Amino acid sequence: MRCSKCNADLAPGEMFCGECGHPVQIAPAPPTPISNVVQPAAPGSSNRLGLIIGIVSAGLLLLMAIVGIGVWLWLRSSSPQEKPNPSPSPTASPTPTPTPEPTPTPNLSIIGTWDCEVKSTDLTLRGTAVLRDDPNPKTAVPLGTSAIMGSLTSQAGLGRIVGTFDGQRFSFKLSDASGDSSQLDLTLSADGNSMSGEGSGLDGRGAVKWSISCERSK
């Protein structure tokens, strides 16, 4: 650097010229130009910065999710739970109980009309017997029995019936207009609708054995 007056050499940093004493005028340094171009960062530093930002962002999102779930669980446990109203169960309609049909009481009386069949070895007679109580029997009847009288109308004509009934067994004498007679014993069935039995007697040919079955007339 030289003095602007005497052109003498100046040492760096001198404020006055050593030869002439003239003050040294220091020209201002030109301003350094500022470049608007942003220099790209090194590839390694950019990747590390992105990784750090990604990790921090993921951590913040995870933290926010945990806090949100915790708040939701706390609010849910502290609020009263509404119990759902149970839907009414359908009322089953009662099953109607079938009314049992009444068991018919057996008719254990022999009073009435009967369709009878009387058989011997060579003869079959079919007829209708009408039986009724005998209020004035001509003979005494055993205790526990009732006196029965009636008639049997068949192909052979009209026969007269006189007998007793003890609730199960009907013992009677059958006689006709000619004077022939037979003694027969019938047993009443459990349902009271039939009788059957056998007996013996006399007819115009002599002694004869009979089997007899009767059904209560409908």
# chains A, B, ... in the order shown; residues from 1 in each chain; ligands from 1
>>> residues_around(residues="Gly144 in chain A", least_positions_apart="4", cutoff="10 Å", atoms="only C-alpha atoms", output="list of chain:residue names")
A:Thr164, A:Phe165, A:Asp166, A:Gly167
>>> atom_distance(atom1="CA of Ser171 in chain A", atom2="CA of Leu131 in chain A")
12.6 Å
>>> residues_around(residues="Arg132 in chain A", least_positions_apart="4", cutoff="7 Å", atoms="only C-alpha atoms", output="list in words")
Ile111, Gly112, Ile148, Met149 and Gly150 of chain A
>>> write_last_selection(atoms="C-alpha atoms", output="PDB file, in the first residue's frame")
ATOM      1  CA  ILE A 111    -134.267-105.736  32.234  1.00  0.00           C
ATOM      2  CA  GLY A 112    -135.072-104.958  28.618  1.00  0.00           C
ATOM      3  CA  ILE A 148    -137.532-111.803  36.747  1.00  0.00           C
ATOM      4  CA  MET A 149    -140.417-112.591  34.469  1.00  0.00           C
ATOM      5  CA  GLY A 150    -140.846-112.201  30.744  1.00  0.00           C
TER       6      GLY A 150
END
>>> closest_residue(among="A:Gly192, A:Gly159, A:Gly204, A:Gly197", to="Pro104 in chain A", atoms="only C-alpha atoms")
A:Gly192
>>> atom_distance(atom1="CA of Asp203 in chain A", atom2="CA of Ser181 in chain A")
7.1 Å
>>> select_by_dssp(residues="range 72-163 of chain A", states="strand (DSSP E)", output="PyMOL selection string")
chain A and resi 112-119+124-133+146-154+157-163
>>> closest_residue(among="A:Gly157, A:Pro137, A:Pro94, A:Pro106", to="Asp191 in chain A", atoms="only C-alpha atoms")
A:Pro106
>>> residues_around(residues="Ser154 in chain A", least_positions_apart="4", cutoff="7 Å", atoms="only C-alpha atoms", output="short mmCIF file (atom, residue, chain, number, x, y, z; two decimals) with all heavy atoms, in the first residue's frame")
data_model
loop_
_atom_site.label_atom_id
_atom_site.label_comp_id
_atom_site.auth_asym_id
_atom_site.auth_seq_id
_atom_site.Cartn_x
_atom_site.Cartn_y
_atom_site.Cartn_z
N LEU A 125 -133.70 -122.14 17.36
CA LEU A 125 -134.80 -121.21 17.49
C LEU A 125 -134.25 -119.81 17.70
O LEU A 125 -133.33 -119.61 18.51
CB LEU A 125 -135.70 -121.59 18.68
CG LEU A 125 -136.37 -122.96 18.63
CD1 LEU A 125 -137.14 -123.22 19.92
CD2 LEU A 125 -137.31 -123.06 17.43
N ARG A 126 -134.77 -118.86 16.96
CA ARG A 126 -134.37 -117.47 17.14
C ARG A 126 -135.61 -116.68 17.52
O ARG A 126 -136.69 -116.85 16.96
CB ARG A 126 -133.76 -116.90 15.86
CG ARG A 126 -132.44 -117.53 15.47
CD ARG A 126 -131.86 -116.88 14.21
NE ARG A 126 -130.58 -117.45 13.86
CZ ARG A 126 -130.40 -118.54 13.12
NH1 ARG A 126 -131.47 -119.19 12.66
NH2 ARG A 126 -129.20 -119.00 12.86
N GLY A 127 -135.41 -115.80 18.52
CA GLY A 127 -136.56 -115.04 18.95
C GLY A 127 -136.15 -113.83 19.78
O GLY A 127 -134.97 -113.54 19.96
N THR A 128 -137.13 -113.13 20.28
CA THR A 128 -136.92 -111.92 21.07
C THR A 128 -137.46 -112.16 22.48
O THR A 128 -138.65 -112.54 22.64
CB THR A 128 -137.65 -110.72 20.45
OG1 THR A 128 -137.15 -110.53 19.13
CG2 THR A 128 -137.42 -109.47 21.26
N LEU A 158 -144.83 -118.76 21.58
CA LEU A 158 -144.56 -117.90 22.72
C LEU A 158 -144.20 -118.75 23.93
O LEU A 158 -144.90 -119.71 24.26
CB LEU A 158 -145.80 -117.05 23.03
CG LEU A 158 -145.70 -116.08 24.20
CD1 LEU A 158 -144.66 -115.00 23.90
CD2 LEU A 158 -147.06 -115.44 24.48
#
>>> atom_distance(atom1="CA of Leu108 in chain A", atom2="CA of Lys173 in chain A")
20.7 Å
>>> residues_around(residues="Val208 in chain A", least_positions_apart="6", cutoff="12 Å", atoms="only C-alpha atoms", output="PDB file with N, CA, C and O atoms, in the first residue's frame")
ATOM      1  N   VAL A 118    -131.528-120.027  20.518  1.00  0.00           N
ATOM      2  CA  VAL A 118    -131.537-121.244  21.328  1.00  0.00           C
ATOM      3  C   VAL A 118    -131.279-122.424  20.393  1.00  0.00           C
ATOM      4  O   VAL A 118    -131.959-122.579  19.361  1.00  0.00           O
ATOM      5  N   LYS A 119    -130.284-123.230  20.745  1.00  0.00           N
ATOM      6  CA  LYS A 119    -129.889-124.341  19.874  1.00  0.00           C
ATOM      7  C   LYS A 119    -129.934-125.648  20.649  1.00  0.00           C
ATOM      8  O   LYS A 119    -129.569-125.712  21.823  1.00  0.00           O
ATOM      9  N   SER A 120    -130.341-126.690  19.935  1.00  0.00           N
ATOM     10  CA  SER A 120    -130.178-128.069  20.413  1.00  0.00           C
ATOM     11  C   SER A 120    -129.384-128.800  19.336  1.00  0.00           C
ATOM     12  O   SER A 120    -128.883-128.182  18.397  1.00  0.00           O
ATOM     13  N   THR A 121    -129.287-130.109  19.436  1.00  0.00           N
ATOM     14  CA  THR A 121    -128.493-130.854  18.451  1.00  0.00           C
ATOM     15  C   THR A 121    -129.097-130.775  17.057  1.00  0.00           C
ATOM     16  O   THR A 121    -128.375-130.836  16.053  1.00  0.00           O
ATOM     17  N   ASP A 122    -130.410-130.652  16.935  1.00  0.00           N
ATOM     18  CA  ASP A 122    -131.036-130.663  15.613  1.00  0.00           C
ATOM     19  C   ASP A 122    -132.043-129.532  15.425  1.00  0.00           C
ATOM     20  O   ASP A 122    -132.818-129.548  14.470  1.00  0.00           O
ATOM     21  N   LEU A 123    -132.008-128.519  16.321  1.00  0.00           N
ATOM     22  CA  LEU A 123    -133.001-127.462  16.219  1.00  0.00           C
ATOM     23  C   LEU A 123    -132.385-126.130  16.640  1.00  0.00           C
ATOM     24  O   LEU A 123    -131.623-126.070  17.616  1.00  0.00           O
ATOM     25  N   ASP A 180    -144.276-128.122  27.867  1.00  0.00           N
ATOM     26  CA  ASP A 180    -142.846-128.462  27.882  1.00  0.00           C
ATOM     27  C   ASP A 180    -142.078-127.313  28.540  1.00  0.00           C
ATOM     28  O   ASP A 180    -142.405-126.131  28.383  1.00  0.00           O
ATOM     29  N   SER A 181    -141.008-127.653  29.250  1.00  0.00           N
ATOM     30  CA  SER A 181    -140.224-126.622  29.939  1.00  0.00           C
ATOM     31  C   SER A 181    -138.748-127.005  29.940  1.00  0.00           C
ATOM     32  O   SER A 181    -138.390-128.175  29.815  1.00  0.00           O
ATOM     33  N   SER A 182    -137.912-125.985  30.103  1.00  0.00           N
ATOM     34  CA  SER A 182    -136.450-126.181  30.169  1.00  0.00           C
ATOM     35  C   SER A 182    -135.892-125.260  31.244  1.00  0.00           C
ATOM     36  O   SER A 182    -136.387-124.151  31.466  1.00  0.00           O
ATOM     37  N   GLN A 183    -134.852-125.732  31.910  1.00  0.00           N
ATOM     38  CA  GLN A 183    -134.156-124.925  32.904  1.00  0.00           C
ATOM     39  C   GLN A 183    -132.818-124.472  32.291  1.00  0.00           C
ATOM     40  O   GLN A 183    -132.017-125.288  31.845  1.00  0.00           O
ATOM     41  N   LEU A 184    -132.595-123.140  32.275  1.00  0.00           N
ATOM     42  CA  LEU A 184    -131.382-122.606  31.628  1.00  0.00           C
ATOM     43  C   LEU A 184    -130.676-121.648  32.592  1.00  0.00           C
ATOM     44  O   LEU A 184    -131.317-120.989  33.424  1.00  0.00           O
ATOM     45  N   GLU A 198    -126.266-122.447  29.008  1.00  0.00           N
ATOM     46  CA  GLU A 198    -126.839-123.692  28.511  1.00  0.00           C
ATOM     47  C   GLU A 198    -127.845-124.212  29.533  1.00  0.00           C
ATOM     48  O   GLU A 198    -127.973-123.682  30.641  1.00  0.00           O
ATOM     49  N   GLY A 199    -128.540-125.259  29.136  1.00  0.00           N
ATOM     50  CA  GLY A 199    -129.543-125.873  30.015  1.00  0.00           C
ATOM     51  C   GLY A 199    -130.097-127.135  29.380  1.00  0.00           C
ATOM     52  O   GLY A 199    -129.642-127.596  28.329  1.00  0.00           O
ATOM     53  N   SER A 200    -131.069-127.677  30.043  1.00  0.00           N
ATOM     54  CA  SER A 200    -131.692-128.917  29.570  1.00  0.00           C
ATOM     55  C   SER A 200    -133.188-128.864  29.869  1.00  0.00           C
ATOM     56  O   SER A 200    -133.646-128.075  30.698  1.00  0.00           O
ATOM     57  N   GLY A 201    -133.933-129.712  29.164  1.00  0.00           N
ATOM     58  CA  GLY A 201    -135.375-129.708  29.376  1.00  0.00           C
ATOM     59  C   GLY A 201    -136.063-130.788  28.568  1.00  0.00           C
ATOM     60  O   GLY A 201    -135.431-131.753  28.119  1.00  0.00           O
ATOM     61  N   LEU A 202    -137.378-130.627  28.420  1.00  0.00           N
ATOM     62  CA  LEU A 202    -138.205-131.582  27.696  1.00  0.00           C
ATOM     63  C   LEU A 202    -138.950-130.877  26.586  1.00  0.00           C
ATOM     64  O   LEU A 202    -139.336-129.720  26.715  1.00  0.00           O
TER      65      LEU A 202
END
>>> select_by_dssp(residues="chain A", states="helix (DSSP H, G or I)", output="ChimeraX atom specification")
/A:43-78
>>> closest_residue(among="A:Ser87, A:Thr124, A:Thr139, A:Ser146", to="Ser211 in chain A", atoms="only C-alpha atoms")
A:Thr124
